[in-house]
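Read the structure below first, then the notes.
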Amino acid sequence: MTAQNHPTPPLVIVSGMSGSGKSVALNTFEDLGYYCVDNLPAELLPEFVRRMLAGDNAPEKIAVGIDARSLGDLADVPEALSQVGALGLDPKLLFFDTRDDVLVRRYADTRRRHPLSHLGLVLADAISLERQALKPLRRIADSVLDTSDLNIHQMRRHILTEYGLSGAGLSLLFESFAYRRGLPPEADFVLDARVLPNPHWDARLRPLSGRDADVRDYLEEQPEVATYVAQVEGFLDTWLPKLRSETRSYVTVAFGCSGGRHRSVYLAERLARHCREAGWAEVAVHHRELD
């Protein structure tokens with residue numbers, strides 16, 4: 001079976017400076033249902049795509065990370081993209097950039113080694129070499145995102161709402177947050193979970209989050225939670241379809257609780273799952289206090 005027998009999936013190439021947010025981007029694309037591969041040598045991209053399209057379970061969407069960890073491969077990127085285009089795909093190259101002074105600060109804060117430090121370079125020289133090597137990719141990028149003034153939450157939200165969407169329809173973002181840290185400013189709907197029983201007061205559950213089975217089991221045993229979930233599901237099923245329009249690309253539904261770890265996380269995950277099962281193609285989750 002050849003690639004021509006399959007619908008051509010969106011293909012996003014994620015590249016850019018180390019420390020600029022490429023890992024955040026790939027994780028976000030994965031949340032949006034993309035099949036993600038990181039650090040793929042550029043010359044292997046066409047064959048990788050052929051294999052992905054040839055299988056019986058070809059992914060619907062693909063995101064691939066290509067960057068300066070393999071300096072010798074970067075010259076092959078334009079030719080690799082051309083070959084992928086010959087397969088019938090329209091690859092999009094997203095480039096993530098950050099000012100040098102911010103990159104230095106991020107590496108100092110995380111104490112991680114720069115990928116080119118194995119060449120015996122000090123950090124500033126490694127960043128300079130990487131920037132020079134990536135210039136050809138930045139020039140041919142379809143989109144460039146400067147993350148210098150974005151924290152990880154803003155970066156993730158920006159990718160979700162601006163770069164992670166296929167344009168196939170309305171995309172949904174379910175977010176959890178702690179009220180004590182303020183409301184998510186971009187939320188379209190904010191729902192208060194503080195009215196529900198709080199797992200925080202159970203010493204066994206306190207260290208866990210709403211992602212954990214024990215917390216889910218605890219909440220699902222509470223009649224109030226079942227009522228809350230059913231009513232929110234009904235609200236979303238009724239009103240989200242009415243928000244579809246040519247000018248609106250996404251909707252954010254935020255759940256808040258005291259600490260942003262248990263109830264709000266559980267609800268964001270639960271309602272995201274409900275919407276996926278209801279047929280929404282692009283549904284992502286962001287836990288502000290956990291991610």
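Each chain in the structure tokens gets a letter, A, B and so on, in the order shown; residues start at 1 in every chain, and ligands are counted from 1 in the order they appear.
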Please, which residues of range 64-286 of chain A, numbered as in this document, come out strand (DSSP E or B) from DSSP, as number ranges by chain? A: 64-65, 92-97, 143-146, 171-178, 189-192, 250-257, 283-286
For the residues selected in the previous step, produce a file with N, CA, C and O atoms as a tab-separated table (two decimals), in the first residue's frame.
```tsv
chain	number	residue	atom	x	y	z
A	64	VAL	N	7.13	16.58	13.94
A	64	VAL	CA	8.50	16.07	13.99
A	64	VAL	C	9.43	17.18	14.46
A	64	VAL	O	9.38	18.30	13.93
A	65	GLY	N	10.27	16.86	15.44
A	65	GLY	CA	11.27	17.81	15.91
A	65	GLY	C	12.59	17.61	15.19
A	65	GLY	O	13.13	16.50	15.18
A	92	LYS	N	4.59	22.11	7.26
A	92	LYS	CA	4.73	23.45	7.81
A	92	LYS	C	5.88	23.45	8.81
A	92	LYS	O	5.93	22.61	9.71
A	93	LEU	N	6.79	24.39	8.64
A	93	LEU	CA	7.95	24.51	9.54
A	93	LEU	C	7.70	25.63	10.54
A	93	LEU	O	7.55	26.79	10.15
A	94	LEU	N	7.64	25.27	11.81
A	94	LEU	CA	7.47	26.24	12.89
A	94	LEU	C	8.80	26.40	13.60
A	94	LEU	O	9.38	25.43	14.08
A	95	PHE	N	9.26	27.62	13.69
A	95	PHE	CA	10.57	27.91	14.28
A	95	PHE	C	10.39	28.68	15.58
A	95	PHE	O	9.73	29.72	15.62
A	96	PHE	N	11.01	28.17	16.65
A	96	PHE	CA	10.92	28.80	17.96
A	96	PHE	C	12.25	29.47	18.28
A	96	PHE	O	13.31	28.85	18.22
A	97	ASP	N	12.14	30.76	18.62
A	97	ASP	CA	13.34	31.56	18.84
A	97	ASP	C	13.26	32.23	20.21
A	97	ASP	O	12.18	32.40	20.78
A	143	SER	N	6.28	29.89	10.13
A	143	SER	CA	5.94	30.72	11.28
A	143	SER	C	7.12	30.75	12.24
A	143	SER	O	7.82	29.76	12.41
A	144	VAL	N	7.36	31.92	12.85
A	144	VAL	CA	8.41	32.09	13.86
A	144	VAL	C	7.75	32.60	15.13
A	144	VAL	O	7.03	33.60	15.11
A	145	LEU	N	7.99	31.89	16.24
A	145	LEU	CA	7.45	32.31	17.53
A	145	LEU	C	8.60	32.69	18.45
A	145	LEU	O	9.44	31.86	18.76
A	146	ASP	N	8.65	33.96	18.85
A	146	ASP	CA	9.65	34.42	19.80
A	146	ASP	C	9.10	34.21	21.21
A	146	ASP	O	8.11	34.83	21.60
A	171	SER	N	-11.54	24.22	18.04
A	171	SER	CA	-10.70	23.43	18.94
A	171	SER	C	-11.01	23.82	20.38
A	171	SER	O	-11.30	24.98	20.67
A	172	LEU	N	-10.92	22.85	21.26
A	172	LEU	CA	-11.29	23.05	22.65
A	172	LEU	C	-10.08	22.89	23.55
A	172	LEU	O	-9.29	21.95	23.38
A	173	LEU	N	-9.93	23.80	24.50
A	173	LEU	CA	-8.88	23.72	25.52
A	173	LEU	C	-9.55	23.69	26.88
A	173	LEU	O	-10.28	24.61	27.24
A	174	PHE	N	-9.30	22.62	27.63
A	174	PHE	CA	-9.79	22.51	29.00
A	174	PHE	C	-8.63	22.78	29.94
A	174	PHE	O	-7.59	22.13	29.86
A	175	GLU	N	-8.83	23.73	30.84
A	175	GLU	CA	-7.74	24.19	31.71
A	175	GLU	C	-8.16	24.08	33.17
A	175	GLU	O	-9.31	24.34	33.53
A	176	SER	N	-7.20	23.68	34.01
A	176	SER	CA	-7.42	23.72	35.46
A	176	SER	C	-6.54	24.81	36.06
A	176	SER	O	-5.48	25.13	35.52
A	177	PHE	N	-6.99	25.38	37.18
A	177	PHE	CA	-6.22	26.45	37.80
A	177	PHE	C	-6.59	26.56	39.27
A	177	PHE	O	-7.59	26.01	39.73
A	178	ALA	N	-5.75	27.28	40.02
A	178	ALA	CA	-6.01	27.59	41.43
A	178	ALA	C	-6.50	29.03	41.53
A	178	ALA	O	-5.88	29.95	40.99
A	189	PHE	N	-15.12	30.22	29.38
A	189	PHE	CA	-16.02	29.79	30.44
A	189	PHE	C	-15.20	29.43	31.66
A	189	PHE	O	-14.19	28.70	31.55
A	190	VAL	N	-15.58	29.91	32.84
A	190	VAL	CA	-14.91	29.58	34.10
A	190	VAL	C	-15.93	28.92	35.02
A	190	VAL	O	-16.99	29.50	35.30
A	191	LEU	N	-15.61	27.72	35.50
A	191	LEU	CA	-16.50	26.98	36.38
A	191	LEU	C	-15.79	26.71	37.70
A	191	LEU	O	-14.63	26.28	37.72
A	192	ASP	N	-16.50	26.94	38.79
A	192	ASP	CA	-15.93	26.86	40.14
A	192	ASP	C	-16.14	25.46	40.71
A	192	ASP	O	-17.28	25.03	40.90
A	250	TYR	N	-11.04	28.58	18.52
A	250	TYR	CA	-10.89	27.80	19.74
A	250	TYR	C	-11.75	28.38	20.86
A	250	TYR	O	-12.16	29.54	20.83
A	251	VAL	N	-12.03	27.53	21.85
A	251	VAL	CA	-12.75	27.90	23.06
A	251	VAL	C	-12.01	27.31	24.25
A	251	VAL	O	-11.58	26.15	24.21
A	252	THR	N	-11.84	28.09	25.30
A	252	THR	CA	-11.19	27.63	26.52
A	252	THR	C	-12.22	27.51	27.63
A	252	THR	O	-12.93	28.47	27.92
A	253	VAL	N	-12.29	26.33	28.24
A	253	VAL	CA	-13.16	26.06	29.38
A	253	VAL	C	-12.26	25.81	30.59
A	253	VAL	O	-11.45	24.88	30.57
A	254	ALA	N	-12.36	26.65	31.61
A	254	ALA	CA	-11.46	26.57	32.77
A	254	ALA	C	-12.22	26.13	34.02
A	254	ALA	O	-13.32	26.61	34.28
A	255	PHE	N	-11.60	25.23	34.77
A	255	PHE	CA	-12.13	24.78	36.05
A	255	PHE	C	-11.17	25.22	37.15
A	255	PHE	O	-9.96	24.95	37.06
A	256	GLY	N	-11.70	25.88	38.18
A	256	GLY	CA	-10.85	26.34	39.27
A	256	GLY	C	-11.21	25.69	40.58
A	256	GLY	O	-12.37	25.36	40.85
A	257	CYS	N	-10.20	25.48	41.41
A	257	CYS	CA	-10.42	25.02	42.78
A	257	CYS	C	-9.37	25.70	43.66
A	257	CYS	O	-8.63	26.57	43.21
A	283	VAL	N	-9.04	18.44	20.95
A	283	VAL	CA	-9.29	18.72	22.36
A	283	VAL	C	-7.97	18.60	23.11
A	283	VAL	O	-7.27	17.60	23.01
A	284	ALA	N	-7.60	19.64	23.82
A	284	ALA	CA	-6.35	19.66	24.58
A	284	ALA	C	-6.65	20.01	26.03
A	284	ALA	O	-7.70	20.57	26.36
A	285	VAL	N	-5.70	19.65	26.91
A	285	VAL	CA	-5.83	19.91	28.33
A	285	VAL	C	-4.57	20.62	28.82
A	285	VAL	O	-3.46	20.26	28.42
A	286	HIS	N	-4.78	21.63	29.65
A	286	HIS	CA	-3.65	22.35	30.25
A	286	HIS	C	-3.92	22.51	31.74
A	286	HIS	O	-4.93	23.09	32.13
```
Near range 108-120 of chain A, counting only C-alpha atoms, which residues have an atom at most 12 Å away, once you skip same-chain residues fewer than 2 positions from it, shown as a VMD selection string? chain A and resid 17 to 20 39 67 to 71 101 to 106 122 to 131 133
According to DSSP computed on the backbone, where in range 163-250 of chain A is there helix (DSSP H, G or I)? Give the residues as an NGL selection string. :A and (163 or 179-181 or 199-201 or 213-220 or 223-243)
Would you save the residues of that selection, restricted to N, CA and C atoms, as an mmCIF file, in the first residue's frame?
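Written output follows (selection-v8.cif):
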```
data_model
loop_
_atom_site.group_PDB
_atom_site.id
_atom_site.type_symbol
_atom_site.label_atom_id
_atom_site.label_comp_id
_atom_site.auth_asym_id
_atom_site.auth_seq_id
_atom_site.Cartn_x
_atom_site.Cartn_y
_atom_site.Cartn_z
ATOM 1 N N TYR A 163 -0.821 27.797 16.884
ATOM 2 C CA TYR A 163 0.014 26.939 16.051
ATOM 3 C C TYR A 163 -0.415 25.482 16.051
ATOM 4 N N TYR A 179 -7.621 29.212 42.234
ATOM 5 C CA TYR A 179 -8.178 30.558 42.372
ATOM 6 C C TYR A 179 -7.204 31.515 43.048
ATOM 7 N N ARG A 180 -6.397 31.011 43.958
ATOM 8 C CA ARG A 180 -5.504 31.911 44.679
ATOM 9 C C ARG A 180 -4.440 32.526 43.778
ATOM 10 N N ARG A 181 -4.250 31.955 42.605
ATOM 11 C CA ARG A 181 -3.286 32.504 41.653
ATOM 12 C C ARG A 181 -3.970 33.278 40.531
ATOM 13 N N PRO A 199 -10.425 16.456 47.961
ATOM 14 C CA PRO A 199 -9.503 15.363 48.311
ATOM 15 C C PRO A 199 -8.301 15.821 49.125
ATOM 16 N N HIS A 200 -8.038 17.115 49.148
ATOM 17 C CA HIS A 200 -6.897 17.639 49.905
ATOM 18 C C HIS A 200 -6.967 17.250 51.374
ATOM 19 N N TRP A 201 -8.183 17.115 51.902
ATOM 20 C CA TRP A 201 -8.332 16.836 53.328
ATOM 21 C C TRP A 201 -8.172 15.363 53.660
ATOM 22 N N ALA A 213 -5.560 7.757 39.728
ATOM 23 C CA ALA A 213 -6.754 6.917 39.838
ATOM 24 C C ALA A 213 -7.409 7.023 41.203
ATOM 25 N N ASP A 214 -6.627 7.107 42.280
ATOM 26 C CA ASP A 214 -7.216 7.159 43.618
ATOM 27 C C ASP A 214 -8.048 8.428 43.800
ATOM 28 N N VAL A 215 -7.563 9.538 43.261
ATOM 29 C CA VAL A 215 -8.322 10.780 43.358
ATOM 30 C C VAL A 215 -9.575 10.696 42.496
ATOM 31 N N ARG A 216 -9.449 10.156 41.292
ATOM 32 C CA ARG A 216 -10.625 9.984 40.434
ATOM 33 C C ARG A 216 -11.675 9.120 41.126
ATOM 34 N N ASP A 217 -11.229 8.004 41.705
ATOM 35 C CA ASP A 217 -12.176 7.108 42.379
ATOM 36 C C ASP A 217 -12.885 7.819 43.521
ATOM 37 N N TYR A 218 -12.121 8.585 44.291
ATOM 38 C CA TYR A 218 -12.713 9.319 45.417
ATOM 39 C C TYR A 218 -13.793 10.281 44.928
ATOM 40 N N LEU A 219 -13.469 11.054 43.905
ATOM 41 C CA LEU A 219 -14.422 12.054 43.413
ATOM 42 C C LEU A 219 -15.635 11.397 42.765
ATOM 43 N N GLU A 220 -15.423 10.320 42.058
ATOM 44 C CA GLU A 220 -16.539 9.679 41.380
ATOM 45 C C GLU A 220 -17.477 8.950 42.336
ATOM 46 N N PRO A 223 -21.781 11.884 45.198
ATOM 47 C CA PRO A 223 -22.966 12.211 44.394
ATOM 48 C C PRO A 223 -22.926 13.629 43.832
ATOM 49 N N GLU A 224 -22.378 14.579 44.604
ATOM 50 C CA GLU A 224 -22.318 15.959 44.099
ATOM 51 C C GLU A 224 -21.481 16.063 42.830
ATOM 52 N N VAL A 225 -20.414 15.279 42.794
ATOM 53 C CA VAL A 225 -19.538 15.327 41.621
ATOM 54 C C VAL A 225 -20.268 14.785 40.399
ATOM 55 N N ALA A 226 -20.989 13.699 40.561
ATOM 56 C CA ALA A 226 -21.738 13.135 39.437
ATOM 57 C C ALA A 226 -22.759 14.140 38.900
ATOM 58 N N THR A 227 -23.449 14.829 39.802
ATOM 59 C CA THR A 227 -24.423 15.830 39.381
ATOM 60 C C THR A 227 -23.742 16.979 38.652
ATOM 61 N N TYR A 228 -22.633 17.462 39.218
ATOM 62 C CA TYR A 228 -21.877 18.576 38.634
ATOM 63 C C TYR A 228 -21.437 18.209 37.219
ATOM 64 N N VAL A 229 -20.833 17.018 37.071
ATOM 65 C CA VAL A 229 -20.311 16.598 35.770
ATOM 66 C C VAL A 229 -21.447 16.485 34.760
ATOM 67 N N ALA A 230 -22.553 15.886 35.163
ATOM 68 C CA ALA A 230 -23.674 15.711 34.241
ATOM 69 C C ALA A 230 -24.215 17.054 33.766
ATOM 70 N N GLN A 231 -24.310 18.016 34.677
ATOM 71 C CA GLN A 231 -24.835 19.322 34.302
ATOM 72 C C GLN A 231 -23.873 20.072 33.381
ATOM 73 N N VAL A 232 -22.573 19.972 33.650
ATOM 74 C CA VAL A 232 -21.592 20.640 32.785
ATOM 75 C C VAL A 232 -21.567 19.979 31.411
ATOM 76 N N GLU A 233 -21.646 18.646 31.378
ATOM 77 C CA GLU A 233 -21.701 17.958 30.087
ATOM 78 C C GLU A 233 -22.898 18.439 29.265
ATOM 79 N N GLY A 234 -24.046 18.569 29.911
ATOM 80 C CA GLY A 234 -25.221 19.049 29.207
ATOM 81 C C GLY A 234 -25.040 20.460 28.675
ATOM 82 N N PHE A 235 -24.432 21.316 29.500
ATOM 83 C CA PHE A 235 -24.171 22.691 29.073
ATOM 84 C C PHE A 235 -23.255 22.709 27.855
ATOM 85 N N LEU A 236 -22.151 21.963 27.919
ATOM 86 C CA LEU A 236 -21.196 21.965 26.811
ATOM 87 C C LEU A 236 -21.804 21.365 25.550
ATOM 88 N N ASP A 237 -22.539 20.268 25.713
ATOM 89 C CA ASP A 237 -23.152 19.632 24.542
ATOM 90 C C ASP A 237 -24.150 20.561 23.863
ATOM 91 N N THR A 238 -24.783 21.413 24.648
ATOM 92 C CA THR A 238 -25.777 22.328 24.089
ATOM 93 C C THR A 238 -25.139 23.533 23.415
ATOM 94 N N TRP A 239 -24.137 24.135 24.061
ATOM 95 C CA TRP A 239 -23.669 25.447 23.637
ATOM 96 C C TRP A 239 -22.374 25.441 22.836
ATOM 97 N N LEU A 240 -21.487 24.464 23.028
ATOM 98 C CA LEU A 240 -20.251 24.479 22.242
ATOM 99 C C LEU A 240 -20.520 24.404 20.737
ATOM 100 N N PRO A 241 -21.423 23.546 20.270
ATOM 101 C CA PRO A 241 -21.672 23.519 18.815
ATOM 102 C C PRO A 241 -22.142 24.862 18.268
ATOM 103 N N LYS A 242 -22.796 25.660 19.082
ATOM 104 C CA LYS A 242 -23.293 26.953 18.626
ATOM 105 C C LYS A 242 -22.177 27.988 18.492
ATOM 106 N N LEU A 243 -20.985 27.658 19.025
ATOM 107 C CA LEU A 243 -19.860 28.590 18.950
ATOM 108 C C LEU A 243 -19.024 28.392 17.694
#
```
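Closest approach to Ile62 in chain A among A:Glu186, A:Asp90, A:Asp76, A:Asp202: A:Asp90, based on only C-alpha atoms.
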